[in-house]
Structures are given as C-alpha cells and as structure tokens.
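Note: the block below is model.tsv and it holds TSV, C-alpha atoms.
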chain	number	residue	atom	x	y	z
A	1	MET	CA	-14.05	16.14	6.37
A	2	LEU	CA	-13.00	13.46	8.69
A	3	HIS	CA	-9.77	11.51	8.79
A	4	PHE	CA	-9.67	8.50	11.13
A	5	PHE	CA	-6.42	6.88	10.09
A	6	SER	CA	-3.31	8.71	11.27
A	7	GLN	CA	-1.82	11.62	13.16
A	8	TYR	CA	-0.92	14.69	11.20
A	9	GLY	CA	-0.48	18.42	11.50
A	10	MET	CA	-0.09	21.59	9.52
A	11	SER	CA	3.00	22.21	7.45
A	12	THR	CA	4.34	25.12	5.42
A	13	LYS	CA	5.93	22.77	2.89
A	14	ALA	CA	3.08	23.05	0.41
A	15	GLY	CA	5.36	22.22	-2.48
A	16	SER	CA	5.84	18.73	-1.09
A	17	GLU	CA	2.29	18.22	0.26
A	18	VAL	CA	0.58	18.87	-3.06
A	19	LEU	CA	2.27	18.66	-6.45
A	20	PHE	CA	1.25	20.34	-9.71
A	21	GLU	CA	2.43	19.20	-13.10
A	22	LYS	CA	1.62	19.97	-16.71
A	23	VAL	CA	1.73	16.82	-18.83
A	24	GLY	CA	0.91	17.72	-22.39
A	25	ASN	CA	-2.28	19.74	-22.18
A	26	ALA	CA	-3.35	18.21	-18.88
A	27	GLY	CA	-2.92	19.72	-15.45
A	28	VAL	CA	-2.15	16.98	-12.90
A	29	ILE	CA	-2.64	17.46	-9.15
A	30	THR	CA	-1.06	14.93	-6.78
A	31	LEU	CA	-2.00	14.96	-3.11
A	32	ASN	CA	1.39	14.09	-1.67
A	33	ARG	CA	1.01	13.08	1.96
A	34	PRO	CA	0.98	9.28	1.65
A	35	LYS	CA	2.04	8.68	5.27
A	36	ALA	CA	-1.04	10.68	6.36
A	37	LEU	CA	-3.18	8.98	3.70
A	38	ASN	CA	-3.08	12.28	1.77
A	39	ALA	CA	-5.18	14.08	4.40
A	40	LEU	CA	-6.14	17.58	3.26
A	41	ASN	CA	-4.98	20.64	5.19
A	42	LEU	CA	-5.43	24.38	4.76
A	43	THR	CA	-2.04	24.89	3.13
A	44	MET	CA	-2.94	22.38	0.42
A	45	ILE	CA	-6.34	24.00	-0.13
A	46	ARG	CA	-4.68	27.39	-0.54
A	47	HIS	CA	-2.50	26.02	-3.33
A	48	ILE	CA	-5.05	23.86	-5.13
A	49	TYR	CA	-7.71	26.58	-5.44
A	50	PRO	CA	-5.62	29.21	-7.31
A	51	GLN	CA	-4.05	26.52	-9.49
A	52	LEU	CA	-7.48	25.33	-10.61
A	53	LYS	CA	-8.44	28.92	-11.36
A	54	LYS	CA	-5.26	29.40	-13.37
A	55	TRP	CA	-5.76	26.23	-15.41
A	56	ASP	CA	-9.39	27.10	-16.04
A	57	LYS	CA	-8.30	30.28	-17.80
A	58	ASP	CA	-5.27	28.75	-19.54
A	59	SER	CA	-5.93	28.00	-23.21
A	60	GLU	CA	-3.17	25.38	-23.18
A	61	THR	CA	-4.76	23.35	-20.36
A	62	ASP	CA	-7.58	21.13	-21.61
A	63	LEU	CA	-8.33	18.93	-18.61
A	64	VAL	CA	-7.41	18.41	-14.95
A	65	ILE	CA	-6.53	15.12	-13.26
A	66	ILE	CA	-6.33	14.78	-9.47
A	67	LYS	CA	-4.90	11.73	-7.71
A	68	GLY	CA	-3.28	10.67	-4.44
A	69	ALA	CA	0.30	9.58	-3.85
A	70	GLY	CA	1.01	6.10	-2.54
A	71	ASP	CA	-1.03	2.93	-2.89
A	72	LYS	CA	-3.48	3.27	0.01
A	73	ALA	CA	-5.51	6.45	-0.35
A	74	PHE	CA	-6.80	9.13	-2.65
A	75	CYS	CA	-7.52	11.34	0.37
A	76	ALA	CA	-8.70	10.01	3.74
A	77	GLY	CA	-10.15	13.30	4.98
A	78	GLY	CA	-9.28	16.65	6.49
A	79	ASP	CA	-7.20	18.26	9.20
A	80	ILE	CA	-9.47	17.41	12.13
A	81	ARG	CA	-6.75	17.61	14.80
A	82	ALA	CA	-5.71	21.09	13.70
A	83	ILE	CA	-9.34	22.25	13.72
A	84	THR	CA	-9.85	20.82	17.21
A	85	GLU	CA	-6.81	22.61	18.60
A	86	ALA	CA	-7.78	25.86	16.87
A	87	GLY	CA	-11.35	25.65	18.16
A	88	LYS	CA	-10.22	25.24	21.73
A	89	ALA	CA	-7.86	28.20	21.35
A	90	GLY	CA	-10.37	30.43	19.56
A	91	ASP	CA	-8.14	30.54	16.48
A	92	SER	CA	-9.54	31.66	13.11
A	93	LEU	CA	-8.50	28.36	11.50
A	94	THR	CA	-11.93	26.99	12.45
A	95	GLN	CA	-13.44	29.56	10.11
A	96	ASP	CA	-10.73	29.70	7.46
A	97	LEU	CA	-10.40	25.98	6.75
A	98	PHE	CA	-14.12	25.27	6.43
A	99	ARG	CA	-14.75	28.39	4.36
A	100	GLU	CA	-11.85	27.91	1.96
A	101	GLU	CA	-12.44	24.18	1.59
A	102	TYR	CA	-16.09	24.76	0.69
A	103	ILE	CA	-15.12	27.45	-1.82
A	104	LEU	CA	-12.77	24.89	-3.38
A	105	ASN	CA	-15.60	22.31	-3.45
A	106	ASN	CA	-17.83	24.79	-5.27
A	107	THR	CA	-15.06	25.57	-7.76
A	108	ILE	CA	-14.73	21.85	-8.56
A	109	GLY	CA	-18.50	21.53	-8.89
A	110	THR	CA	-18.68	24.37	-11.41
A	111	TYR	CA	-15.42	23.66	-13.27
A	112	GLN	CA	-15.79	24.18	-17.01
A	113	LYS	CA	-13.02	21.88	-18.20
A	114	PRO	CA	-13.01	18.08	-17.79
A	115	TYR	CA	-12.04	17.23	-14.21
A	116	VAL	CA	-11.03	13.61	-13.52
A	117	ALA	CA	-10.57	12.32	-9.96
A	118	LEU	CA	-8.74	9.00	-9.72
A	119	ILE	CA	-10.10	7.74	-6.40
A	120	ASP	CA	-7.85	4.71	-6.19
A	121	GLY	CA	-7.97	3.96	-2.45
A	122	ILE	CA	-9.48	5.44	0.72
A	123	THR	CA	-11.76	8.38	-0.07
A	124	MET	CA	-13.43	9.97	2.93
A	125	GLY	CA	-14.62	13.39	4.07
A	126	GLY	CA	-12.39	16.02	2.49
A	127	GLY	CA	-11.31	13.52	-0.15
A	128	VAL	CA	-14.94	13.12	-1.16
A	129	GLY	CA	-15.18	16.90	-1.50
A	130	LEU	CA	-12.20	16.91	-3.88
A	131	SER	CA	-13.74	14.25	-6.10
A	132	VAL	CA	-17.51	13.79	-5.99
A	133	HIS	CA	-18.36	17.26	-7.32
A	134	GLY	CA	-16.11	16.80	-10.36
A	135	ARG	CA	-17.40	15.65	-13.72
A	136	PHE	CA	-15.58	12.29	-13.65
A	137	ARG	CA	-14.77	10.04	-10.66
A	138	VAL	CA	-12.90	6.82	-11.39
A	139	ALA	CA	-13.10	4.10	-8.74
A	140	THR	CA	-11.03	0.91	-8.52
A	141	GLU	CA	-11.24	-2.30	-6.49
A	142	LYS	CA	-9.19	-0.45	-3.82
A	143	THR	CA	-11.67	2.40	-3.40
A	144	LEU	CA	-13.24	2.76	0.04
A	145	PHE	CA	-15.85	5.51	0.38
A	146	ALA	CA	-17.35	6.79	3.62
A	147	MET	CA	-18.67	9.93	5.33
A	148	PRO	CA	-18.23	9.00	9.03
A	149	GLU	CA	-18.62	12.45	10.57
A	150	THR	CA	-21.58	11.71	12.85
A	151	GLY	CA	-19.16	9.56	14.87
A	152	ILE	CA	-17.19	12.61	15.98
A	153	GLY	CA	-19.99	15.10	16.50
A	154	LEU	CA	-19.97	16.65	13.04
A	155	PHE	CA	-22.10	16.09	9.91
A	156	PRO	CA	-21.23	14.93	6.36
A	157	ASP	CA	-20.03	18.25	5.01
A	158	VAL	CA	-18.03	19.22	1.86
A	159	GLY	CA	-21.34	19.31	-0.02
A	160	GLY	CA	-22.74	16.12	1.49
A	161	GLY	CA	-26.08	17.88	1.77
A	162	TYR	CA	-26.07	18.17	-2.02
A	163	PHE	CA	-24.82	14.85	-3.41
A	164	LEU	CA	-26.14	12.45	-0.76
A	165	PRO	CA	-29.88	13.19	-1.14
A	166	ARG	CA	-29.45	12.82	-4.91
A	167	LEU	CA	-28.45	9.17	-4.63
A	168	GLN	CA	-31.12	6.52	-5.23
A	169	GLY	CA	-33.90	6.18	-2.68
A	170	LYS	CA	-32.72	6.70	0.88
A	171	LEU	CA	-29.17	5.50	0.31
A	172	GLY	CA	-27.71	8.98	0.86
A	173	LEU	CA	-29.47	9.43	4.19
A	174	PHE	CA	-28.31	5.96	5.26
A	175	LEU	CA	-24.68	6.73	4.36
A	176	ALA	CA	-24.88	10.13	6.06
A	177	LEU	CA	-26.25	8.86	9.37
A	178	THR	CA	-24.33	5.59	9.73
A	179	GLY	CA	-20.99	6.31	8.03
A	180	PHE	CA	-21.40	3.00	6.18
A	181	ARG	CA	-18.42	2.11	3.99
A	182	LEU	CA	-18.85	1.33	0.31
A	183	LYS	CA	-16.06	-0.50	-1.46
A	184	GLY	CA	-14.79	-1.06	-4.98
A	185	ARG	CA	-17.32	-1.42	-7.77
A	186	ASP	CA	-20.23	-0.62	-5.43
A	187	VAL	CA	-19.00	2.99	-5.28
A	188	GLN	CA	-19.62	3.25	-9.02
A	189	ARG	CA	-22.82	1.24	-9.01
A	190	VAL	CA	-24.55	3.64	-6.62
A	191	GLY	CA	-23.40	6.69	-8.61
A	192	LEU	CA	-20.70	8.13	-6.35
A	193	ALA	CA	-18.14	7.25	-9.01
A	194	THR	CA	-18.87	7.63	-12.70
A	195	HIS	CA	-16.54	4.84	-13.85
A	196	PHE	CA	-14.69	1.77	-12.63
A	197	VAL	CA	-11.32	0.43	-13.78
A	198	GLN	CA	-8.79	-1.98	-12.30
A	199	SER	CA	-6.14	-0.31	-10.15
A	200	ASP	CA	-3.34	-1.70	-12.32
A	201	LYS	CA	-4.81	0.16	-15.30
A	202	ILE	CA	-4.71	3.60	-13.66
A	203	VAL	CA	-1.24	4.49	-14.98
A	204	SER	CA	-2.25	3.51	-18.51
A	205	LEU	CA	-5.51	5.43	-18.18
A	206	GLN	CA	-3.72	8.58	-17.05
A	207	LYS	CA	-1.34	8.35	-20.02
A	208	ASP	CA	-4.26	8.01	-22.44
A	209	LEU	CA	-6.06	10.93	-20.77
A	210	VAL	CA	-3.10	13.31	-21.14
A	211	ASP	CA	-2.64	12.17	-24.76
A	212	LEU	CA	-6.14	13.37	-25.71
A	213	LYS	CA	-6.04	16.40	-27.99
A	214	SER	CA	-8.29	19.26	-26.86
A	215	PRO	CA	-10.77	16.82	-25.31
A	216	SER	CA	-14.39	17.66	-24.64
A	217	ASN	CA	-16.28	16.06	-21.75
A	218	SER	CA	-17.70	13.56	-24.23
A	219	ASP	CA	-14.18	12.63	-25.41
A	220	VAL	CA	-13.08	11.97	-21.84
A	221	ALA	CA	-16.28	10.01	-21.14
A	222	GLN	CA	-15.69	7.86	-24.23
A	223	LEU	CA	-12.17	7.00	-23.11
A	224	LEU	CA	-13.31	6.16	-19.57
A	225	ASP	CA	-16.18	4.09	-20.97
A	226	SER	CA	-13.72	2.09	-23.07
A	227	TYR	CA	-11.62	1.25	-20.00
A	228	GLN	CA	-14.67	0.18	-18.04
A	229	GLU	CA	-15.92	-1.93	-20.95
A	230	GLN	CA	-12.52	-3.67	-21.16
A	231	HIS	CA	-12.84	-4.58	-17.50
A	232	ASP	CA	-16.43	-5.76	-17.84
A	233	ALA	CA	-15.83	-7.90	-20.93
A	234	GLY	CA	-16.54	-11.52	-20.08
A	235	LYS	CA	-17.36	-10.78	-16.43
A	236	LEU	CA	-21.15	-11.14	-16.56
A	237	PRO	CA	-21.34	-14.92	-15.99
A	238	GLN	CA	-19.16	-14.76	-12.91
A	239	MET	CA	-20.92	-15.12	-9.55
A	240	GLY	CA	-18.92	-12.28	-8.00
A	241	PHE	CA	-20.16	-9.91	-10.70
A	242	LEU	CA	-23.77	-10.99	-10.16
A	243	TYR	CA	-23.35	-10.68	-6.40
A	244	MET	CA	-22.50	-7.00	-6.75
A	245	PHE	CA	-25.81	-6.39	-8.53
A	246	VAL	CA	-27.67	-8.26	-5.79
A	247	PHE	CA	-25.82	-6.51	-2.94
A	248	VAL	CA	-26.51	-3.01	-4.22
A	249	GLY	CA	-30.13	-3.87	-4.98
A	250	LEU	CA	-30.70	-5.28	-1.51
A	251	LEU	CA	-28.94	-2.33	0.11
A	252	LEU	CA	-31.13	0.16	-1.77
A	253	PHE	CA	-34.26	-1.80	-0.86
A	254	CYS	CA	-33.37	-1.98	2.84
A	255	CYS	CA	-32.43	1.69	2.99
A	256	PHE	CA	-35.68	2.76	1.36
A	257	ARG	CA	-37.81	0.55	3.58
A	258	LEU	CA	-36.09	1.38	6.88
A	259	PHE	CA	-34.89	4.96	6.39
A	260	SER	CA	-38.08	6.39	4.85
A	261	ALA	CA	-39.18	8.35	7.90
A	262	GLY	CA	-39.95	11.82	9.15
A	263	SER	CA	-37.34	11.85	11.91
A	264	VAL	CA	-34.33	10.01	13.29
A	265	GLU	CA	-36.58	8.61	16.03
A	266	GLU	CA	-38.87	7.09	13.39
A	267	ILE	CA	-35.87	5.50	11.69
A	268	MET	CA	-34.83	3.95	15.00
A	269	GLU	CA	-38.37	2.60	15.45
A	270	ASN	CA	-38.33	1.13	11.93
A	271	LEU	CA	-35.04	-0.61	12.65
A	272	LYS	CA	-36.19	-2.04	15.96
A	273	LYS	CA	-39.49	-3.30	14.52
A	274	ASP	CA	-37.73	-4.90	11.56
A	275	GLY	CA	-35.41	-6.99	13.70
A	276	SER	CA	-33.27	-8.27	10.81
A	277	ALA	CA	-29.52	-8.64	11.16
A	278	PHE	CA	-29.05	-5.60	8.93
A	279	ALA	CA	-31.47	-3.53	11.03
A	280	LEU	CA	-29.87	-4.59	14.31
A	281	GLU	CA	-26.43	-3.69	12.99
A	282	GLN	CA	-27.61	-0.21	11.99
A	283	THR	CA	-29.34	0.26	15.35
A	284	GLU	CA	-26.07	-0.49	17.14
A	285	THR	CA	-24.17	1.85	14.82
A	286	LEU	CA	-26.57	4.77	15.26
A	287	ALA	CA	-26.54	4.30	19.05
A	288	LYS	CA	-22.82	5.16	19.02
A	289	MET	CA	-23.22	8.39	17.06
A	290	SER	CA	-23.73	11.89	18.44
A	291	PRO	CA	-27.50	12.39	18.84
A	292	THR	CA	-27.07	16.06	17.92
A	293	SER	CA	-25.12	15.12	14.78
A	294	LEU	CA	-27.78	12.60	13.78
A	295	LYS	CA	-30.55	15.18	13.97
A	296	LEU	CA	-28.48	17.87	12.28
A	297	THR	CA	-27.59	15.46	9.48
A	298	PHE	CA	-31.18	14.35	8.99
A	299	ARG	CA	-32.25	17.99	8.58
A	300	GLN	CA	-29.23	18.77	6.41
A	301	ILE	CA	-30.17	16.00	3.97
A	302	GLN	CA	-33.81	17.13	3.94
A	303	GLU	CA	-32.92	20.76	3.22
A	304	GLY	CA	-30.15	19.94	0.74
A	305	GLU	CA	-32.47	18.01	-1.54
A	306	ARG	CA	-34.01	21.32	-2.62
A	307	MET	CA	-30.83	23.39	-2.76
A	308	SER	CA	-28.08	24.08	-5.28
A	309	LEU	CA	-24.52	23.06	-4.43
A	310	GLN	CA	-23.64	26.65	-3.58
A	311	GLU	CA	-26.64	26.99	-1.28
A	312	VAL	CA	-25.77	23.73	0.46
A	313	LEU	CA	-22.19	24.83	1.05
A	314	VAL	CA	-23.38	28.10	2.59
A	315	MET	CA	-25.70	26.11	4.88
A	316	GLU	CA	-22.90	23.71	5.78
A	317	TYR	CA	-20.49	26.52	6.61
A	318	ARG	CA	-22.98	27.94	9.06
A	319	LEU	CA	-23.53	24.48	10.54
A	320	SER	CA	-19.78	23.93	10.86
A	321	GLN	CA	-19.37	27.14	12.82
A	322	ALA	CA	-22.24	26.19	15.13
A	323	CYS	CA	-20.58	22.81	15.74
A	324	MET	CA	-17.34	24.59	16.63
A	325	ARG	CA	-19.23	26.30	19.46
A	326	GLY	CA	-20.67	23.06	20.83
A	327	ASN	CA	-19.47	20.09	22.86
A	328	ASP	CA	-19.81	17.00	20.71
A	329	PHE	CA	-17.16	17.72	18.07
A	330	TYR	CA	-14.38	18.13	20.64
A	331	GLU	CA	-15.63	15.15	22.65
A	332	GLY	CA	-15.88	12.98	19.55
A	333	VAL	CA	-12.35	13.82	18.44
A	334	ARG	CA	-11.09	13.10	21.95
A	335	ALA	CA	-12.77	9.69	22.07
A	336	VAL	CA	-11.94	8.58	18.53
A	337	LEU	CA	-8.63	10.23	17.64
A	338	ILE	CA	-6.86	11.32	20.82
A	339	ASP	CA	-7.61	9.04	23.78
A	340	LYS	CA	-9.10	6.40	21.45
A	341	ASP	CA	-11.32	5.01	24.18
A	342	GLN	CA	-14.26	4.99	21.72
A	343	SER	CA	-16.56	6.17	24.54
A	344	PRO	CA	-17.64	9.74	23.81
A	345	LYS	CA	-19.83	11.51	26.35
A	346	TRP	CA	-22.35	13.21	24.09
A	347	LYS	CA	-24.33	16.23	25.34
A	348	PRO	CA	-27.26	15.67	25.08
A	349	SER	CA	-26.80	11.91	25.32
A	350	THR	CA	-30.16	10.93	23.81
A	351	LEU	CA	-32.16	11.81	20.71
A	352	SER	CA	-35.06	12.95	22.89
A	353	GLY	CA	-32.86	15.54	24.52
A	354	VAL	CA	-31.73	17.14	21.27
A	355	SER	CA	-34.85	19.02	20.14
A	356	ASP	CA	-34.93	21.39	23.12
A	357	PHE	CA	-31.17	21.64	22.98
A	358	LEU	CA	-31.23	22.79	19.36
A	359	CYS	CA	-33.60	25.62	20.21
A	360	LYS	CA	-31.24	26.93	22.88
A	361	PHE	CA	-27.89	26.33	21.22
A	362	ARG	CA	-26.87	29.43	19.28
A	363	GLY	CA	-26.64	28.75	15.55
A	364	LEU	CA	-27.96	25.19	15.44
A	365	GLY	CA	-31.58	26.25	15.67
A	366	SER	CA	-31.44	28.20	12.42
A	367	PHE	CA	-30.15	27.15	9.03
A	368	LEU	CA	-30.27	30.74	7.84
A	369	CYS	CA	-28.21	32.49	10.46
A	370	ALA	CA	-26.21	35.46	9.20
A	371	ILE	CA	-22.68	34.04	9.04
A	372	PRO	CA	-21.02	35.09	5.77
A	373	LEU	CA	-19.17	32.39	3.85
A	374	GLY	CA	-17.16	34.82	1.77
A	375	ASN	CA	-17.28	36.32	-1.70
A	376	GLY	CA	-15.74	33.24	-3.32
A	377	ILE	CA	-19.03	31.37	-3.31
What does the file become when written as structure tokens?
Amino acid sequence: MLHFFSQYGMSTKAGSEVLFEKVGNAGVITLNRPKALNALNLTMIRHIYPQLKKWDKDSETDLVIIKGAGDKAFCAGGDIRAITEAGKAGDSLTQDLFREEYILNNTIGTYQKPYVALIDGITMGGGVGLSVHGRFRVATEKTLFAMPETGIGLFPDVGGGYFLPRLQGKLGLFLALTGFRLKGRDVQRVGLATHFVQSDKIVSLQKDLVDLKSPSNSDVAQLLDSYQEQHDAGKLPQMGFLYMFVFVGLLLFCCFRLFSAGSVEEIMENLKKDGSAFALEQTETLAKMSPTSLKLTFRQIQEGERMSLQEVLVMEYRLSQACMRGNDFYEGVRAVLIDKDQSPKWKPSTLSGVSDFLCKFRGLGSFLCAIPLGNGI
C-alpha cells in the first residue's frame, strides 16, 4: 500500500477525506484527498468499512460505486509516512492500519451487491486493494497501475498474493517483483480491470449506472460492455489498437520465459543470460529493490496461488508485522520518500545473504506464525 507521490498525514476530518452519497439506489463513495492523490489513511478505512456493511444490508441500495476526486488519481496508495512514524515509536497504528485495511479488502472481495470501481487515474497499493477485489473495475486511458512495494522494503500487499498469481503466465510475479507500471487499456487487457472506457465518458457512465433499476451483476456487466463496445467500434484497423495487442502479447511471452524459475536468483540468471534490452532493464530494476522484499514477494506469490483471498490476507498481515520489526521498510521509506536520495542501504544487501537472514529474523521465517488478524476476517 505504497504512495510515492506526495506528503500527507493523518486527519480527523473524515467527512472531507471520504464522501458518501446515495444517488437513486446507488451508494457512491468518493475518495476526497485530491492534493494527496486520494491516498488512503486509517480514518478513511474506518468510515468506508461500516458504510459498505450498512449498504450491503440496505434493501434500498442496489449497487456501490467508488471513485477518486480530482483528475489525477483514483487512489495512489496508503499512509506510508504515518506507518513509518508509528513503527519507530512502537505505536499500535502499525497493527491497526494493516489489519483494518485487509479486513476492508476482504469485505470488497466478498461483497454481494455489484461493486464498481472507477479507476480513472493513478491506482497503486492501497488503491489497488480498494478496486481489484471488486466485481467491476473500469479503467480509462488515464489509468496507471503499479505495485511498487519492493522498492521500499515491503511486498505487494492488500491481497497481492491472491490476484497477482492469478494473472496470465508469470505476469503477476513480474509486476510484484519489479513494480512495473501498466497504463490505460493494458490494465484491462491483462485482466486487472474488467472494462475500459474513455475518461470523458465516466460521468455519463456513472449516471447510467445509478439509473439502473435493481440491477443484477449481469445488468451492470451489460451496461459496462456497451460502453466498452462504443469505444472499440471502428478502432480495430488503427495501428495503435493493434500495437496494444502486440505489446501485451510480447510482455506475457517475456515474463513467462524469463520469470519461470524456482527462485529470485534463477530469475536473475535468466535475465542475465537473455541479454535483451527488456532483460537488462529488469535486471537493473531488481538490483535496486530490497533483496529481502524480493525473496518475501517471490514466496508470497508462490503460496498465494493456492490460497483463498482470506487466507492470503491473513498471511500478508503476518508478513506486514514482520516487516515492521525489520530494517528495510524504514530504510526504503527514508531513501524514497524522506531524504529522496534513492540510495537505500538494504540489510542484507544481497540476495545470497537473505536466506540465512530469514531463518534468524523473527516472523519472516514462518508464514504461519500465530499473529491474529482479528475476527473481521
């Protein structure tokens, strides 16, 4: 739940940070921190969760729409600075925020009514958790998706261990390790979004969604399909449209060929042996990431492939608490967000040093340690 774009802090003004509105029979959630790219904090989580529960039981609420204020972001991530400060001070926020955010993610993933996320802009970390587990995710040409947590000593959480390994081939592992950014229509083509519409059609789409009378999931899908078909009409002959097919196909091929391996070290060997421009770029990217985060993430994706969403979130909560007791998260935040020197001093500093380290570091050596997540999940 990483946010790389701006400074922000906690606030008690929840009414202004997240807005709830009933429009017809639709419940509309607006993440309302545009200057912070709608970054998610604990106060917002504590208002969104009960509201979703309330609407789920309300016979006069037929669907939920969630969107971000402003024209830049749906939600660029979570309250990393607040977590860093709390971790250093031994404050319970390091437990509360992860636990309550993951409970919210699970609620979205199991929501019974149609849930539509309009991811019109930057969607990273915590913003992914608010959208990807929902039934419908609508991308636009402004959508930018990434899970860049390995760059600050974390791992792609908010259920990343569930949805990433379920993408085609080894794409999910590639995105998890490198933090690679997907943009626009590619977000839909790889399955992270269910639909694609032009950004200037979002207002019209929202109006048509709230005008639906007691819609089922199939009714919502039909409406979203119609918007996507309007956009696609007449686009097939255009080179740009064909390029998107080629780009995604090549990306999937390269990811499968280079990231099919039994360890991070084997991936690095594959990349070095390949020697292509793509492989060299990924080698350079991975060399900047926390070695501990890379190995944790690799294992997380392996384990998550066989788990339910709820099981993954329990695993990720335990991992998050182990990371709070380590070095790399605080060092990564310092290097990327605070001092911005982009030169983190990882401990251990190499992949070869991580295996022994994991065995000694309390919590990281076991994915089944007895840390309760709470009775909400």
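Put simply, atom CA of A:Leu223 is 23.1 Å away from atom CA of A:Asp58.
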Just the residues within 10 Å of stretch 344-350 of chain A, please, counting only C-alpha atoms, with nothing from its chain fewer than 2 positions along; format it as a ChimeraX atom specification.
-> /A:151-153,287-293,326-336,340-342,352-358
Please produce a file of those selected residues containing C-alpha atoms, as a CSV table (one decimal), keeping the file's coordinate frame.
chain,number,residue,atom,x,y,z
A,151,GLY,CA,-19.2,9.6,14.9
A,152,ILE,CA,-17.2,12.6,16.0
A,153,GLY,CA,-20.0,15.1,16.5
A,287,ALA,CA,-26.5,4.3,19.0
A,288,LYS,CA,-22.8,5.2,19.0
A,289,MET,CA,-23.2,8.4,17.1
A,290,SER,CA,-23.7,11.9,18.4
A,291,PRO,CA,-27.5,12.4,18.8
A,292,THR,CA,-27.1,16.1,17.9
A,293,SER,CA,-25.1,15.1,14.8
A,326,GLY,CA,-20.7,23.1,20.8
A,327,ASN,CA,-19.5,20.1,22.9
A,328,ASP,CA,-19.8,17.0,20.7
A,329,PHE,CA,-17.2,17.7,18.1
A,330,TYR,CA,-14.4,18.1,20.6
A,331,GLU,CA,-15.6,15.2,22.6
A,332,GLY,CA,-15.9,13.0,19.6
A,333,VAL,CA,-12.4,13.8,18.4
A,334,ARG,CA,-11.1,13.1,22.0
A,335,ALA,CA,-12.8,9.7,22.1
A,336,VAL,CA,-11.9,8.6,18.5
A,340,LYS,CA,-9.1,6.4,21.4
A,341,ASP,CA,-11.3,5.0,24.2
A,342,GLN,CA,-14.3,5.0,21.7
A,352,SER,CA,-35.1,13.0,22.9
A,353,GLY,CA,-32.9,15.5,24.5
A,354,VAL,CA,-31.7,17.1,21.3
A,355,SER,CA,-34.8,19.0,20.1
A,356,ASP,CA,-34.9,21.4,23.1
A,357,PHE,CA,-31.2,21.6,23.0
A,358,LEU,CA,-31.2,22.8,19.4
So which residues touch stretch 196-209 of chain A within 10 Å, counting all atoms listed in the file, skipping near sequence neighbours fewer than 6 positions away, as a ChimeraX atom specification?
-> /A:23-26,28,63-65,67,71,116,118-121,137-143,184-189,215,219-220,223-232
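Compared by their closest atoms to A:Val158, and using only C-alpha atoms, the residues A:Phe98, A:Tyr111, A:Phe174, A:Phe145 rank with A:Phe98 nearest.
Going from atom CA of A:Ile108 over to atom CA of A:Thr61, you cover 15.5 Å.
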Filled-in N, CA and C atoms of stretch 136-150 of chain A, supplied as an mmCIF file, in the frame of the given file:
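Contents of part-v1.cif, as written:
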data_model
loop_
_atom_site.group_PDB
_atom_site.id
_atom_site.type_symbol
_atom_site.label_atom_id
_atom_site.label_comp_id
_atom_site.auth_asym_id
_atom_site.auth_seq_id
_atom_site.Cartn_x
_atom_site.Cartn_y
_atom_site.Cartn_z
ATOM 1 N N PHE A 136 -15.912 13.706 -13.540
ATOM 2 C CA PHE A 136 -15.580 12.290 -13.650
ATOM 3 C C PHE A 136 -14.883 11.802 -12.367
ATOM 4 N N ARG A 137 -15.361 10.665 -11.850
ATOM 5 C CA ARG A 137 -14.770 10.040 -10.660
ATOM 6 C C ARG A 137 -14.525 8.581 -10.986
ATOM 7 N N VAL A 138 -13.260 8.171 -10.977
ATOM 8 C CA VAL A 138 -12.900 6.820 -11.390
ATOM 9 C C VAL A 138 -12.528 5.993 -10.164
ATOM 10 N N ALA A 139 -13.349 5.003 -9.857
ATOM 11 C CA ALA A 139 -13.100 4.100 -8.740
ATOM 12 C C ALA A 139 -12.342 2.867 -9.207
ATOM 13 N N THR A 140 -11.699 2.184 -8.262
ATOM 14 C CA THR A 140 -11.030 0.910 -8.520
ATOM 15 C C THR A 140 -11.443 -0.083 -7.434
ATOM 16 N N GLU A 141 -10.923 -1.294 -7.517
ATOM 17 C CA GLU A 141 -11.240 -2.300 -6.490
ATOM 18 C C GLU A 141 -10.681 -1.899 -5.126
ATOM 19 N N LYS A 142 -9.765 -0.906 -5.079
ATOM 20 C CA LYS A 142 -9.190 -0.450 -3.820
ATOM 21 C C LYS A 142 -9.947 0.722 -3.201
ATOM 22 N N THR A 143 -10.934 1.242 -3.900
ATOM 23 C CA THR A 143 -11.670 2.400 -3.400
ATOM 24 C C THR A 143 -12.496 2.041 -2.172
ATOM 25 N N LEU A 144 -12.408 2.887 -1.157
ATOM 26 C CA LEU A 144 -13.240 2.760 0.040
ATOM 27 C C LEU A 144 -13.825 4.136 0.320
ATOM 28 N N PHE A 145 -15.154 4.233 0.200
ATOM 29 C CA PHE A 145 -15.850 5.510 0.380
ATOM 30 C C PHE A 145 -16.620 5.524 1.687
ATOM 31 N N ALA A 146 -16.526 6.625 2.424
ATOM 32 C CA ALA A 146 -17.350 6.790 3.620
ATOM 33 C C ALA A 146 -17.407 8.264 4.020
ATOM 34 N N MET A 147 -18.507 8.612 4.706
ATOM 35 C CA MET A 147 -18.670 9.930 5.330
ATOM 36 C C MET A 147 -19.005 9.673 6.801
ATOM 37 N N PRO A 148 -17.988 9.462 7.652
ATOM 38 C CA PRO A 148 -18.230 9.000 9.030
ATOM 39 C C PRO A 148 -18.313 10.109 10.082
ATOM 40 N N GLU A 149 -18.704 11.310 9.668
ATOM 41 C CA GLU A 149 -18.620 12.450 10.570
ATOM 42 C C GLU A 149 -19.536 12.408 11.784
ATOM 43 N N THR A 150 -20.687 11.735 11.693
ATOM 44 C CA THR A 150 -21.580 11.710 12.850
ATOM 45 C C THR A 150 -20.927 11.012 14.046
#
